[in-house]
file structure26.cif (mmCIF, C-alpha atoms and all ligand atoms)
data_work
loop_
_atom_site.label_atom_id
_atom_site.label_comp_id
_atom_site.auth_asym_id
_atom_site.auth_seq_id
_atom_site.Cartn_x
_atom_site.Cartn_y
_atom_site.Cartn_z
CA MET A 1 8.74 22.25 24.94
CA SER A 2 6.21 22.01 22.08
CA LYS A 3 5.45 18.53 20.71
CA ARG A 4 6.88 19.56 17.33
CA VAL A 5 10.24 20.69 18.76
CA GLU A 6 10.39 17.65 21.03
CA ASP A 7 9.67 15.31 18.09
CA GLN A 8 12.64 16.76 16.19
CA LYS A 9 14.91 15.10 18.75
CA PHE A 10 13.70 11.73 17.49
CA GLY A 11 13.48 9.96 14.20
CA GLY A 12 10.92 7.36 13.27
CA VAL A 13 11.65 3.94 11.80
CA TRP A 14 12.01 5.65 8.41
CA THR A 15 15.15 7.32 9.84
CA ALA A 16 16.82 3.95 10.38
CA GLU A 17 15.70 2.88 6.90
CA LYS A 18 17.17 5.88 5.08
CA LEU A 19 20.42 5.71 7.09
CA GLU A 20 20.96 2.08 6.16
CA ALA A 21 20.40 2.90 2.47
CA LEU A 22 22.86 5.81 2.68
CA GLU A 23 25.47 3.67 4.43
CA ARG A 24 25.14 0.95 1.80
CA TYR A 25 25.51 3.52 -0.98
CA LEU A 26 28.64 5.04 0.59
CA LYS A 27 30.24 1.59 0.95
CA SER A 28 29.47 0.66 -2.66
CA TYR A 29 30.62 4.06 -3.93
CA SER A 30 33.96 4.01 -2.13
CA THR A 31 34.61 0.44 -3.28
CA ALA A 32 33.64 1.21 -6.89
CA LEU A 33 35.86 4.31 -7.04
CA LYS A 34 38.76 2.75 -5.11
CA LYS A 35 41.09 2.58 -8.09
CA ILE A 36 39.93 5.78 -9.76
CA ASP A 37 42.36 8.66 -9.50
CA PHE A 38 40.00 11.35 -8.20
CA THR A 39 39.82 13.00 -4.80
CA LYS A 40 36.68 11.62 -3.16
CA VAL A 41 34.64 13.77 -0.80
CA TYR A 42 31.57 13.17 1.34
CA ILE A 43 29.44 16.17 2.32
CA ASP A 44 26.74 15.91 4.99
CA ALA A 45 24.84 19.19 4.90
CA PHE A 46 22.45 18.52 7.83
CA ALA A 47 24.86 16.45 9.84
CA GLY A 48 23.20 16.20 13.29
CA ASN A 49 25.51 15.16 16.14
CA GLY A 50 26.55 11.66 15.07
CA GLU A 51 23.80 9.75 16.83
CA CYS A 52 20.06 9.38 16.26
CA ILE A 53 17.31 8.21 18.57
CA ILE A 54 14.59 6.21 16.86
CA LYS A 55 11.17 6.41 18.49
CA SER A 56 8.17 4.17 18.08
CA GLY A 57 5.26 4.67 20.48
CA ASP A 58 6.85 5.05 23.92
CA CYS A 59 9.99 3.08 23.02
CA THR A 60 13.30 4.48 21.82
CA VAL A 61 16.53 2.94 20.49
CA PRO A 62 19.79 4.68 19.58
CA THR A 63 21.37 4.25 16.18
CA GLU A 64 24.47 5.65 14.48
CA GLY A 65 23.76 8.85 12.56
CA SER A 66 24.87 9.61 9.01
CA VAL A 67 28.20 11.16 10.10
CA LYS A 68 29.30 8.13 12.11
CA ARG A 69 28.26 5.77 9.34
CA SER A 70 30.21 7.78 6.77
CA LEU A 71 33.36 7.85 8.90
CA ASN A 72 33.28 4.04 9.16
CA VAL A 73 33.24 3.52 5.38
CA ASP A 74 36.23 1.54 4.16
CA PRO A 75 38.12 2.62 2.11
CA PRO A 76 37.42 6.07 3.55
CA PHE A 77 36.73 9.25 1.59
CA ASP A 78 39.69 11.62 1.12
CA LYS A 79 37.80 14.44 2.82
CA TYR A 80 34.61 14.79 4.86
CA TYR A 81 32.61 18.01 5.26
CA PHE A 82 29.99 18.16 8.03
CA ILE A 83 27.59 21.10 8.26
CA ASP A 84 25.08 21.77 11.00
CA LEU A 85 23.40 24.95 12.18
CA LYS A 86 23.27 24.12 15.87
CA PRO A 87 26.33 24.71 18.09
CA GLU A 88 25.25 21.90 20.45
CA ASN A 89 25.49 19.37 17.61
CA HIS A 90 29.06 20.47 16.96
CA VAL A 91 30.07 19.29 20.44
CA GLY A 92 29.14 15.72 19.42
CA LEU A 93 30.61 16.16 15.93
CA ARG A 94 33.98 17.36 17.29
CA THR A 95 34.16 14.45 19.74
CA LEU A 96 33.29 11.98 17.00
CA CYS A 97 35.77 13.35 14.45
CA ALA A 98 38.53 13.25 17.11
CA GLN A 99 38.03 9.47 17.20
CA TYR A 100 39.14 9.30 13.53
CA PRO A 101 42.51 11.15 13.57
CA ALA A 102 43.62 9.52 10.31
CA LEU A 103 40.68 11.03 8.39
CA THR A 104 40.44 14.59 7.06
CA THR A 105 37.29 16.21 8.38
CA GLU A 106 36.04 19.78 8.23
CA LEU A 107 33.20 21.01 10.41
CA ARG A 108 31.09 24.00 9.39
CA GLN A 109 28.61 25.63 11.71
CA GLY A 110 26.06 27.62 9.74
CA ASP A 111 23.17 27.46 7.33
CA ALA A 112 23.51 24.52 4.92
CA ASN A 113 22.66 26.65 1.87
CA ASP A 114 25.46 29.15 2.56
CA GLU A 115 28.03 26.58 3.65
CA LEU A 116 27.34 24.24 0.75
CA THR A 117 27.80 26.99 -1.80
CA ASP A 118 31.02 27.99 -0.09
CA ILE A 119 32.37 24.41 -0.02
CA ILE A 120 31.33 23.66 -3.59
CA THR A 121 32.98 26.76 -5.00
CA SER A 122 36.22 25.97 -3.11
CA ILE A 123 36.69 22.54 -4.78
CA ASN A 124 38.21 21.77 -8.19
CA TRP A 125 35.56 19.39 -9.54
CA GLN A 126 37.69 18.44 -12.54
CA ARG A 127 39.73 16.31 -10.14
CA THR A 128 37.10 15.50 -7.49
CA ARG A 129 34.01 13.30 -7.15
CA GLY A 130 31.63 13.32 -4.24
CA VAL A 131 28.52 12.14 -2.45
CA LEU A 132 26.22 14.64 -0.76
CA PHE A 133 23.55 13.77 1.79
CA LEU A 134 20.76 16.33 2.19
CA ASP A 135 18.76 15.40 5.26
CA PRO A 136 16.85 18.52 6.38
CA PHE A 137 13.95 18.47 8.86
CA GLY A 138 11.70 20.41 6.52
CA MET A 139 11.77 22.83 3.60
CA THR A 140 15.18 24.29 4.45
CA LEU A 141 17.03 23.52 1.25
CA LYS A 142 16.82 26.25 -1.38
CA TRP A 143 16.52 25.45 -5.06
CA ASP A 144 19.47 27.76 -5.81
CA THR A 145 21.66 25.49 -3.68
CA LEU A 146 20.58 22.45 -5.71
CA PHE A 147 21.46 24.39 -8.82
CA ASP A 148 25.02 24.96 -7.51
CA ILE A 149 25.30 21.25 -6.68
CA ALA A 150 24.17 20.17 -10.16
CA PHE A 151 26.59 22.66 -11.71
CA THR A 152 29.58 20.71 -10.31
CA GLN A 153 28.78 17.82 -12.71
CA ALA A 154 30.54 15.63 -10.13
CA ILE A 155 28.26 14.99 -7.14
CA ASP A 156 25.84 12.13 -6.42
CA VAL A 157 23.04 13.43 -4.22
CA TRP A 158 20.67 11.75 -1.81
CA TYR A 159 17.95 14.32 -1.04
CA LEU A 160 15.32 13.67 1.60
CA PHE A 161 12.56 15.74 0.06
CA PRO A 162 9.89 17.01 2.48
CA LEU A 163 6.83 15.51 0.81
CA SER A 164 4.33 16.02 3.63
CA GLY A 165 5.81 19.48 4.33
CA MET A 166 5.21 20.52 0.72
CA SER A 167 1.65 19.12 0.79
CA ARG A 168 0.93 21.08 3.96
CA GLN A 169 2.10 24.36 2.39
CA ALA A 170 0.18 23.68 -0.83
CA ALA A 171 -3.25 23.67 0.84
CA ASN A 172 -6.24 22.26 -1.02
CA ASN A 173 -7.83 25.68 -1.25
CA PHE A 174 -5.54 28.20 -2.99
CA ASP A 175 -6.95 31.04 -0.86
CA SER A 176 -5.27 29.37 2.13
CA VAL A 177 -1.83 29.53 0.50
CA ASP A 178 -0.71 32.85 1.97
CA ALA A 179 2.30 34.88 0.84
CA SER A 180 4.74 33.14 3.17
CA LYS A 181 3.62 29.67 2.02
CA LYS A 182 3.93 30.74 -1.62
CA LYS A 183 7.43 32.04 -0.94
CA SER A 184 8.58 28.85 0.78
CA LEU A 185 7.19 26.67 -2.04
CA THR A 186 8.91 28.81 -4.67
CA THR A 187 12.21 28.75 -2.73
CA LEU A 188 11.95 24.96 -2.42
CA LEU A 189 10.96 24.30 -6.03
CA GLY A 190 12.86 27.09 -7.80
CA SER A 191 9.93 28.27 -9.90
CA THR A 192 6.48 29.81 -9.53
CA ASP A 193 4.93 27.42 -12.05
CA TRP A 194 3.94 25.01 -9.24
CA GLU A 195 0.92 27.30 -8.87
CA GLU A 196 -0.24 26.62 -12.41
CA TYR A 197 0.52 22.90 -12.16
CA PHE A 198 -1.03 22.25 -8.73
CA TYR A 199 -4.12 24.52 -8.96
CA LYS A 200 -7.05 25.02 -11.33
CA ASP A 201 -10.26 27.03 -11.15
CA ASP A 202 -12.87 25.07 -9.23
CA PRO A 203 -15.51 24.30 -11.92
CA GLY A 204 -18.16 23.55 -9.29
CA MET A 205 -17.68 26.92 -7.60
CA ALA A 206 -17.68 28.85 -10.89
CA LEU A 207 -21.43 28.16 -11.27
CA PHE A 208 -22.21 29.96 -8.03
CA ASP A 209 -19.34 32.33 -7.45
CA GLU A 210 -17.85 34.74 -9.97
CA THR A 211 -14.61 35.11 -8.02
CA ASN A 212 -13.36 31.80 -9.50
CA LYS A 213 -11.78 30.02 -6.54
CA LYS A 214 -8.80 27.82 -7.31
CA VAL A 215 -8.38 24.36 -5.81
CA ARG A 216 -5.53 21.89 -5.82
CA VAL A 217 -6.08 19.31 -8.55
CA THR A 218 -2.91 17.27 -8.00
CA ASP A 219 -2.53 14.42 -5.53
CA GLN A 220 0.73 13.73 -3.71
CA SER A 221 2.10 11.43 -6.39
CA GLN A 222 1.40 14.00 -9.14
CA MET A 223 3.08 16.68 -7.01
CA LEU A 224 6.05 14.37 -6.65
CA GLY A 225 6.10 13.91 -10.44
CA TYR A 226 6.39 17.69 -10.72
CA VAL A 227 9.30 17.72 -8.22
CA LYS A 228 11.09 15.00 -10.21
CA LYS A 229 10.68 17.03 -13.43
CA ARG A 230 12.10 20.09 -11.68
CA LEU A 231 15.12 18.07 -10.54
CA GLU A 232 15.53 16.67 -14.06
CA SER A 233 15.72 20.23 -15.35
CA ILE A 234 19.12 20.61 -13.63
CA PHE A 235 20.45 17.06 -13.01
CA PRO A 236 21.20 14.76 -15.97
CA SER A 237 19.89 11.71 -14.09
CA VAL A 238 17.19 11.48 -11.39
CA LEU A 239 15.67 8.21 -10.14
CA GLU A 240 12.09 7.60 -9.01
CA PRO A 241 12.32 8.29 -5.27
CA ALA A 242 11.83 5.94 -2.34
CA ILE A 243 8.79 6.92 -0.29
CA LEU A 244 9.47 6.95 3.43
CA ARG A 245 6.37 6.41 5.52
CA THR A 246 5.21 6.62 9.10
CA GLU A 247 4.39 3.36 10.86
CA GLY A 248 0.77 4.16 10.02
CA ASN A 249 1.81 4.11 6.33
CA ALA A 250 1.41 7.86 5.71
CA PRO A 251 3.95 9.19 3.16
CA LEU A 252 6.34 11.56 4.90
CA TYR A 253 9.43 12.03 2.74
CA ALA A 254 10.61 11.17 -0.75
CA LEU A 255 14.25 10.10 -0.87
CA PHE A 256 15.57 11.20 -4.28
CA PHE A 257 18.82 10.10 -5.87
CA ALA A 258 20.24 12.49 -8.46
CA CYS A 259 23.53 12.25 -10.32
CA ALA A 260 25.17 15.48 -11.44
CA ASN A 261 27.74 13.70 -13.61
CA PRO A 262 26.86 14.01 -17.34
CA ASN A 263 28.92 10.90 -18.14
CA LYS A 264 26.46 8.12 -19.09
CA ARG A 265 28.64 5.29 -17.75
CA ALA A 266 29.00 7.05 -14.38
CA GLN A 267 25.21 7.53 -14.28
CA GLU A 268 24.62 3.86 -15.08
CA ILE A 269 26.95 2.61 -12.34
CA ALA A 270 25.63 5.01 -9.68
CA GLY A 271 22.04 4.52 -10.87
CA SER A 272 22.16 0.74 -10.69
CA ILE A 273 23.40 0.78 -7.09
CA ALA A 274 20.95 3.51 -6.06
CA SER A 275 17.92 1.97 -7.77
CA HIS A 276 18.56 -1.34 -5.99
CA LEU A 277 18.65 0.53 -2.64
CA ILE A 278 15.46 2.46 -3.48
CA LYS A 279 13.68 -0.79 -4.34
CA LYS A 280 14.76 -2.29 -1.00
CA LEU A 281 13.65 0.87 0.84
CA ASN A 282 10.23 0.80 -0.82
CA GLY A 283 9.94 -2.84 0.20
CA GLY A 284 10.57 -1.95 3.87
CA ASN A 285 13.76 -4.04 3.93
CA TYR A 286 16.05 -1.65 5.79
CA GLY A 287 16.34 -0.59 9.43
CA SER A 288 15.61 -4.14 10.54
CA VAL A 289 18.04 -4.05 13.50
CA GLU A 290 16.29 -1.02 15.00
CA LYS A 291 12.82 -2.38 14.14
CA GLN A 292 13.66 -5.66 15.88
CA LYS A 293 14.95 -3.87 19.00
CA LEU A 294 11.84 -1.69 19.15
CA ALA A 295 9.59 -4.75 18.79
CA GLU A 296 11.43 -6.45 21.68
CA LEU A 297 11.11 -3.34 23.87
CA LYS A 298 7.40 -3.13 23.14
CA LYS A 299 6.98 -6.81 23.98
CA ASP A 300 8.83 -6.31 27.30
CA ASN A 301 6.62 -3.31 28.10
CA THR A 302 3.46 -5.33 27.64
CA ILE A 303 4.52 -8.20 29.93
CA GLN A 304 2.39 -8.00 33.06
CA PRO A 305 4.40 -7.95 36.33
CA ASP A 306 2.05 -10.49 37.96
CA LEU A 307 3.11 -13.11 35.39
CA PHE A 308 6.26 -13.36 37.48
CA GLY A 309 4.29 -14.03 40.60
C1 LIG B 1 17.17 15.28 10.35
S1 LIG B 1 18.48 16.01 11.21
C2 LIG B 1 19.87 15.29 10.47
C3 LIG B 1 20.27 14.01 11.06
C4 LIG B 1 21.58 13.44 10.54
N1 LIG B 1 21.62 13.30 9.11
C5 LIG B 1 21.84 12.10 11.21
O1 LIG B 1 21.77 11.07 10.55
O2 LIG B 1 22.11 12.11 12.41
C6 LIG B 1 18.54 17.63 10.58
C7 LIG B 1 19.71 18.46 11.10
O3 LIG B 1 19.74 19.70 10.39
C8 LIG B 1 20.18 20.72 11.26
N2 LIG B 1 19.71 21.97 10.66
C9 LIG B 1 18.48 22.54 10.73
N3 LIG B 1 18.43 23.63 9.95
C10 LIG B 1 19.65 23.74 9.35
C11 LIG B 1 20.21 24.64 8.41
N4 LIG B 1 19.51 25.67 7.94
N5 LIG B 1 21.48 24.44 8.02
C12 LIG B 1 22.22 23.40 8.51
N6 LIG B 1 21.73 22.51 9.40
C13 LIG B 1 20.47 22.68 9.80
C14 LIG B 1 19.58 20.37 12.59
O4 LIG B 1 20.34 20.94 13.64
C15 LIG B 1 19.64 18.84 12.58
O5 LIG B 1 20.80 18.39 13.21
#
call {"tool": "encode", "arguments": {"input": "structure26.cif", "output": "structure tokens"}}
result
Amino acid sequence: MSKRVEDQKFGGVWTAEKLEALERYLKSYSTALKKIDFTKVYIDAFAGNGECIIKSGDCTVPTEGSVKRSLNVDPPFDKYYFIDLKPENHVGLRTLCAQYPALTTELRQGDANDELTDIITSINWQRTRGVLFLDPFGMTLKWDTLFDIAFTQAIDVWYLFPLSGMSRQAANNFDSVDASKKKSLTTLLGSTDWEEYFYKDDPGMALFDETNKKVRVTDQSQMLGYVKKRLESIFPSVLEPAILRTEGNAPLYALFFACANPNKRAQEIAGSIASHLIKKLNGGNYGSVEKQKLAELKKDNTIQPDLFG
């Protein structure tokens, strides 16, 4: 098994952090909308199997995945949709949903882009409000799908945007951005104007080389500013994202919150809860249970056997 595939079985501490923020949002949302006469739905488009393993160094701890956390929200949502591509994850999802016979759950095995569009077009959004969690491994989510989501004018979205994935595709030297990288960036961002925004002719090279090589002139935070503007072109409200980092402090993902509802009051309520959570995430305040367990495991691993005689 390659290291990359193997690593996908595990999350880092940022996984526990984002899951705690999501759980807190779902609890606040269902409480805030308790007395409002809408059907409330939760959609998890990259659902996993209900459980996550958090890895730090050689130590691992299990934690509840997004599906399990959503099913435990009280009061519950009126309907839950769980999508995942992999059949093996559906074994865990079916077992988990069976433990909640009072809740209405629908499992979809397939590509999130196709299934989401299908689900969204099957719902009457005049009478429905929802929360959607987009938690892909990489650059799987297509811009067109985001467009469909925004078009509902009824969904609050948490989108784990693949910041380091995008930076990898948008190489420093434009010559290294081959056709497949260009295509995946355009599919992710929904426009070709990233090319113009990210790259400029290299003035240093122009003196020596008439072929005018282009280089990337934007750093990660400027690229993220571009992503936010793109999201703002379809969602009426988008917050500054939380940056999720590796334990070595390298930025990995940007967790965006976007509200599709054009109603200002709805945006204010959702935005005030979400911005509080984003602030906490950026301060490293979440995932403390898992962080503590990992720290204890690491401490145990470093205890020398001869200390016990
Ligand atoms: C980061 S994991 C999600 C973890 C989950 N949110 C949790 O908390 O347990 C990403 C999931 O997306 C699934 N996946 C990958 N590509 C997909 C696609 N195109 N459509 C739907 N699911 C996909 C994977 O099987 C994996 O379970």
call {"tool": "closest_atom_pairs", "arguments": {"input": "structure26.cif", "of": "chain A", "to": "ligand LIG 1 (chain B)", "cutoff": "6 Å", "atoms": "only C-alpha atoms and all ligand atoms", "output": "Markdown table"}}
result
| residue | atom | partner | partner_atom | distance |
| --- | --- | --- | --- | --- |
| A:Phe46 | CA | B:LIG1 | O3 | 3.9 |
| A:Ala47 | CA | B:LIG1 | C4 | 4.5 |
| A:Gly48 | CA | B:LIG1 | O5 | 3.2 |
| A:Asn49 | CA | B:LIG1 | O2 | 5.9 |
| A:Gly50 | CA | B:LIG1 | O2 | 5.2 |
| A:Glu51 | CA | B:LIG1 | O2 | 5.3 |
| A:Cys52 | CA | B:LIG1 | O2 | 5.1 |
| A:Gly65 | CA | B:LIG1 | O1 | 3.6 |
| A:Ser66 | CA | B:LIG1 | O1 | 3.8 |
| A:Ile83 | CA | B:LIG1 | C12 | 5.8 |
| A:Asp84 | CA | B:LIG1 | N6 | 3.8 |
| A:Leu85 | CA | B:LIG1 | N6 | 4.1 |
| A:Lys86 | CA | B:LIG1 | O4 | 4.9 |
| A:Gly110 | CA | B:LIG1 | N5 | 5.8 |
| A:Asp111 | CA | B:LIG1 | N5 | 3.5 |
| A:Ala112 | CA | B:LIG1 | N5 | 3.7 |
| A:Asp135 | CA | B:LIG1 | N1 | 5.2 |
| A:Pro136 | CA | B:LIG1 | C6 | 4.6 |
| A:Phe137 | CA | B:LIG1 | C1 | 4.8 |
| A:Thr140 | CA | B:LIG1 | N4 | 5.7 |
call {"tool": "write_last_selection", "arguments": {"input": "structure26.cif", "atoms": "C-alpha atoms", "output": "mmCIF file, in the frame of the given file"}}
result
data_model
loop_
_atom_site.group_PDB
_atom_site.id
_atom_site.type_symbol
_atom_site.label_atom_id
_atom_site.label_comp_id
_atom_site.auth_asym_id
_atom_site.auth_seq_id
_atom_site.Cartn_x
_atom_site.Cartn_y
_atom_site.Cartn_z
ATOM 1 C CA PHE A 46 22.450 18.520 7.830
ATOM 2 C CA ALA A 47 24.860 16.450 9.840
ATOM 3 C CA GLY A 48 23.200 16.200 13.290
ATOM 4 C CA ASN A 49 25.510 15.160 16.140
ATOM 5 C CA GLY A 50 26.550 11.660 15.070
ATOM 6 C CA GLU A 51 23.800 9.750 16.830
ATOM 7 C CA CYS A 52 20.060 9.380 16.260
ATOM 8 C CA GLY A 65 23.760 8.850 12.560
ATOM 9 C CA SER A 66 24.870 9.610 9.010
ATOM 10 C CA ILE A 83 27.590 21.100 8.260
ATOM 11 C CA ASP A 84 25.080 21.770 11.000
ATOM 12 C CA LEU A 85 23.400 24.950 12.180
ATOM 13 C CA LYS A 86 23.270 24.120 15.870
ATOM 14 C CA GLY A 110 26.060 27.620 9.740
ATOM 15 C CA ASP A 111 23.170 27.460 7.330
ATOM 16 C CA ALA A 112 23.510 24.520 4.920
ATOM 17 C CA ASP A 135 18.760 15.400 5.260
ATOM 18 C CA PRO A 136 16.850 18.520 6.380
ATOM 19 C CA PHE A 137 13.950 18.470 8.860
ATOM 20 C CA THR A 140 15.180 24.290 4.450
#
call {"tool": "residues_near_point", "arguments": {"input": "structure26.cif", "point": "(6.9, 19.8, 5.2)", "cutoff": "12 Å", "atoms": "all atoms listed in the file", "output": "list in words"}}
result
Pro136, Phe137, Gly138, Met139, Thr140, Leu141, Leu160, Phe161, Pro162, Leu163, Ser164, Gly165, Met166, Ser167, Arg168, Gln169, Ala170, Ala171, Lys181, Ser184, Leu185, Leu188, Pro251, Leu252, Tyr253 and Ala254 of chain A
call {"tool": "closest_residue", "arguments": {"input": "structure26.cif", "among": "A:Leu116, A:Ser70, A:Leu244, A:Lys200", "to": "Gly287 in chain A", "atoms": "all atoms listed in the file"}}
result
A:Leu244
call {"tool": "closest_residue", "arguments": {"input": "structure26.cif", "among": "A:Gln222, A:Thr186, A:Asn72, A:Thr128", "to": "Asp37 in chain A", "atoms": "all atoms listed in the file"}}
result
A:Thr128
call {"tool": "atom_distance", "arguments": {"input": "structure26.cif", "atom1": "CA of Gln99 in chain A", "atom2": "CA of Lys27 in chain A"}}
result
19.7 Å
call {"tool": "closest_residue", "arguments": {"input": "structure26.cif", "among": "A:Gln126, A:Asp118, A:Ala102, A:Thr187", "to": "Lys142 in chain A", "atoms": "only C-alpha atoms"}}
result
A:Thr187
call {"tool": "axis_aligned_box", "arguments": {"input": "structure26.cif", "around": "range 179-185 of chain A", "padding_each_side": "6 Å", "output": "JSON"}}
result
{"center_x": 5.4, "center_y": 30.8, "center_z": 0.6, "size_x": 18.3, "size_y": 20.2, "size_z": 17.2}
call {"tool": "residues_around", "arguments": {"input": "structure26.cif", "residues": "Tyr226 in chain A", "least_positions_apart": "6", "cutoff": "12 Å", "atoms": "only C-alpha atoms", "output": "NGL selection string"}}
result
:A and (163 or 166 or 189-191 or 193-198 or 218-220 or 232-233 or 240)
call {"tool": "write_last_selection", "arguments": {"input": "structure26.cif", "atoms": "C-alpha atoms", "output": "tab-separated table (two decimals), keeping the file's coordinate frame"}}
result
chain	number	residue	atom	x	y	z
A	163	LEU	CA	6.83	15.51	0.81
A	166	MET	CA	5.21	20.52	0.72
A	189	LEU	CA	10.96	24.30	-6.03
A	190	GLY	CA	12.86	27.09	-7.80
A	191	SER	CA	9.93	28.27	-9.90
A	193	ASP	CA	4.93	27.42	-12.05
A	194	TRP	CA	3.94	25.01	-9.24
A	195	GLU	CA	0.92	27.30	-8.87
A	196	GLU	CA	-0.24	26.62	-12.41
A	197	TYR	CA	0.52	22.90	-12.16
A	198	PHE	CA	-1.03	22.25	-8.73
A	218	THR	CA	-2.91	17.27	-8.00
A	219	ASP	CA	-2.53	14.42	-5.53
A	220	GLN	CA	0.73	13.73	-3.71
A	232	GLU	CA	15.53	16.67	-14.06
A	233	SER	CA	15.72	20.23	-15.35
A	240	GLU	CA	12.09	7.60	-9.01
call {"tool": "closest_residue", "arguments": {"input": "structure26.cif", "among": "A:Lys291, A:Asp78, A:Lys9, A:Phe147", "to": "Glu247 in chain A", "atoms": "only C-alpha atoms"}}
result
A:Lys291
call {"tool": "closest_atom_pairs", "arguments": {"input": "structure26.cif", "of": "range 16-123 of chain A", "to": "range 152-155 of chain A", "cutoff": "10 Å", "atoms": "all atoms listed in the file", "output": "JSON lines"}}
result
{"residue": "A:Lys40", "atom": "CA", "partner": "A:Ile155", "partner_atom": "CA", "distance": 9.9}
{"residue": "A:Val41", "atom": "CA", "partner": "A:Ile155", "partner_atom": "CA", "distance": 9.1}
{"residue": "A:Tyr42", "atom": "CA", "partner": "A:Ile155", "partner_atom": "CA", "distance": 9.3}
{"residue": "A:Ile43", "atom": "CA", "partner": "A:Ile155", "partner_atom": "CA", "distance": 9.6}
{"residue": "A:Ile120", "atom": "CA", "partner": "A:Thr152", "partner_atom": "CA", "distance": 7.5}
{"residue": "A:Thr121", "atom": "CA", "partner": "A:Thr152", "partner_atom": "CA", "distance": 8.7}
{"residue": "A:Ile123", "atom": "CA", "partner": "A:Thr152", "partner_atom": "CA", "distance": 9.2}
call {"tool": "atom_distance", "arguments": {"input": "structure26.cif", "atom1": "CA of Ser30 in chain A", "atom2": "CA of Pro75 in chain A"}}
result
6.1 Å
call {"tool": "atom_distance", "arguments": {"input": "structure26.cif", "atom1": "CA of Glu290 in chain A", "atom2": "CA of Val61 in chain A"}}
result
6.8 Å
call {"tool": "residues_around", "arguments": {"input": "structure26.cif", "residues": "range 272-274 of chain A", "least_positions_apart": "5", "cutoff": "9 Å", "atoms": "all atoms listed in the file", "output": "ChimeraX atom specification"}}
result
/A:21,25,28-29,239,257,267,279
call {"tool": "closest_residue", "arguments": {"input": "structure26.cif", "among": "A:Leu103, A:Leu96, A:Ala45, A:Leu26", "to": "Ile149 in chain A", "atoms": "all atoms listed in the file"}}
result
A:Ala45
call {"tool": "closest_residue", "arguments": {"input": "structure26.cif", "among": "A:Ser288, A:Asn301, A:Ile36, A:Thr145", "to": "Thr15 in chain A", "atoms": "only C-alpha atoms"}}
result
A:Ser288
call {"tool": "decode", "arguments": {"input": "structure26.cif", "residues": "range 109-119 of chain A", "atoms": "N, CA, C and O atoms", "output": "PDB file, in the first residue's frame"}}
result
ATOM      1  N   GLN A 109     -24.740   5.565  -2.439  1.00  0.00           N
ATOM      2  CA  GLN A 109     -23.376   5.183  -2.830  1.00  0.00           C
ATOM      3  C   GLN A 109     -23.115   5.710  -4.230  1.00  0.00           C
ATOM      4  O   GLN A 109     -23.811   5.345  -5.179  1.00  0.00           O
ATOM      5  N   GLY A 110     -22.117   6.600  -4.348  1.00  0.00           N
ATOM      6  CA  GLY A 110     -21.823   7.165  -5.659  1.00  0.00           C
ATOM      7  C   GLY A 110     -20.954   8.392  -5.501  1.00  0.00           C
ATOM      8  O   GLY A 110     -20.509   8.727  -4.391  1.00  0.00           O
ATOM      9  N   ASP A 111     -20.730   9.062  -6.627  1.00  0.00           N
ATOM     10  CA  ASP A 111     -19.907  10.267  -6.615  1.00  0.00           C
ATOM     11  C   ASP A 111     -20.714  11.420  -5.992  1.00  0.00           C
ATOM     12  O   ASP A 111     -21.877  11.640  -6.351  1.00  0.00           O
ATOM     13  N   ALA A 112     -20.072  12.139  -5.074  1.00  0.00           N
ATOM     14  CA  ALA A 112     -20.758  13.206  -4.335  1.00  0.00           C
ATOM     15  C   ALA A 112     -21.366  14.251  -5.269  1.00  0.00           C
ATOM     16  O   ALA A 112     -22.464  14.746  -5.006  1.00  0.00           O
ATOM     17  N   ASN A 113     -20.674  14.577  -6.346  1.00  0.00           N
ATOM     18  CA  ASN A 113     -21.184  15.616  -7.255  1.00  0.00           C
ATOM     19  C   ASN A 113     -22.522  15.191  -7.863  1.00  0.00           C
ATOM     20  O   ASN A 113     -23.486  15.958  -7.873  1.00  0.00           O
ATOM     21  N   ASP A 114     -22.575  13.940  -8.334  1.00  0.00           N
ATOM     22  CA  ASP A 114     -23.812  13.446  -8.971  1.00  0.00           C
ATOM     23  C   ASP A 114     -24.929  13.306  -7.945  1.00  0.00           C
ATOM     24  O   ASP A 114     -26.065  13.729  -8.171  1.00  0.00           O
ATOM     25  N   GLU A 115     -24.582  12.701  -6.810  1.00  0.00           N
ATOM     26  CA  GLU A 115     -25.616  12.422  -5.791  1.00  0.00           C
ATOM     27  C   GLU A 115     -26.161  13.718  -5.193  1.00  0.00           C
ATOM     28  O   GLU A 115     -27.362  13.829  -4.940  1.00  0.00           O
ATOM     29  N   LEU A 116     -25.263  14.669  -4.965  1.00  0.00           N
ATOM     30  CA  LEU A 116     -25.719  15.944  -4.381  1.00  0.00           C
ATOM     31  C   LEU A 116     -26.711  16.639  -5.307  1.00  0.00           C
ATOM     32  O   LEU A 116     -27.764  17.109  -4.864  1.00  0.00           O
ATOM     33  N   THR A 117     -26.371  16.683  -6.585  1.00  0.00           N
ATOM     34  CA  THR A 117     -27.264  17.341  -7.542  1.00  0.00           C
ATOM     35  C   THR A 117     -28.619  16.635  -7.553  1.00  0.00           C
ATOM     36  O   THR A 117     -29.669  17.278  -7.557  1.00  0.00           O
ATOM     37  N   ASP A 118     -28.570  15.317  -7.492  1.00  0.00           N
ATOM     38  CA  ASP A 118     -29.806  14.543  -7.492  1.00  0.00           C
ATOM     39  C   ASP A 118     -30.644  14.829  -6.237  1.00  0.00           C
ATOM     40  O   ASP A 118     -31.859  15.061  -6.322  1.00  0.00           O
ATOM     41  N   ILE A 119     -29.989  14.850  -5.085  1.00  0.00           N
ATOM     42  CA  ILE A 119     -30.710  15.110  -3.821  1.00  0.00           C
ATOM     43  C   ILE A 119     -31.295  16.519  -3.836  1.00  0.00           C
ATOM     44  O   ILE A 119     -32.468  16.736  -3.531  1.00  0.00           O
TER      45      ILE A 119
END
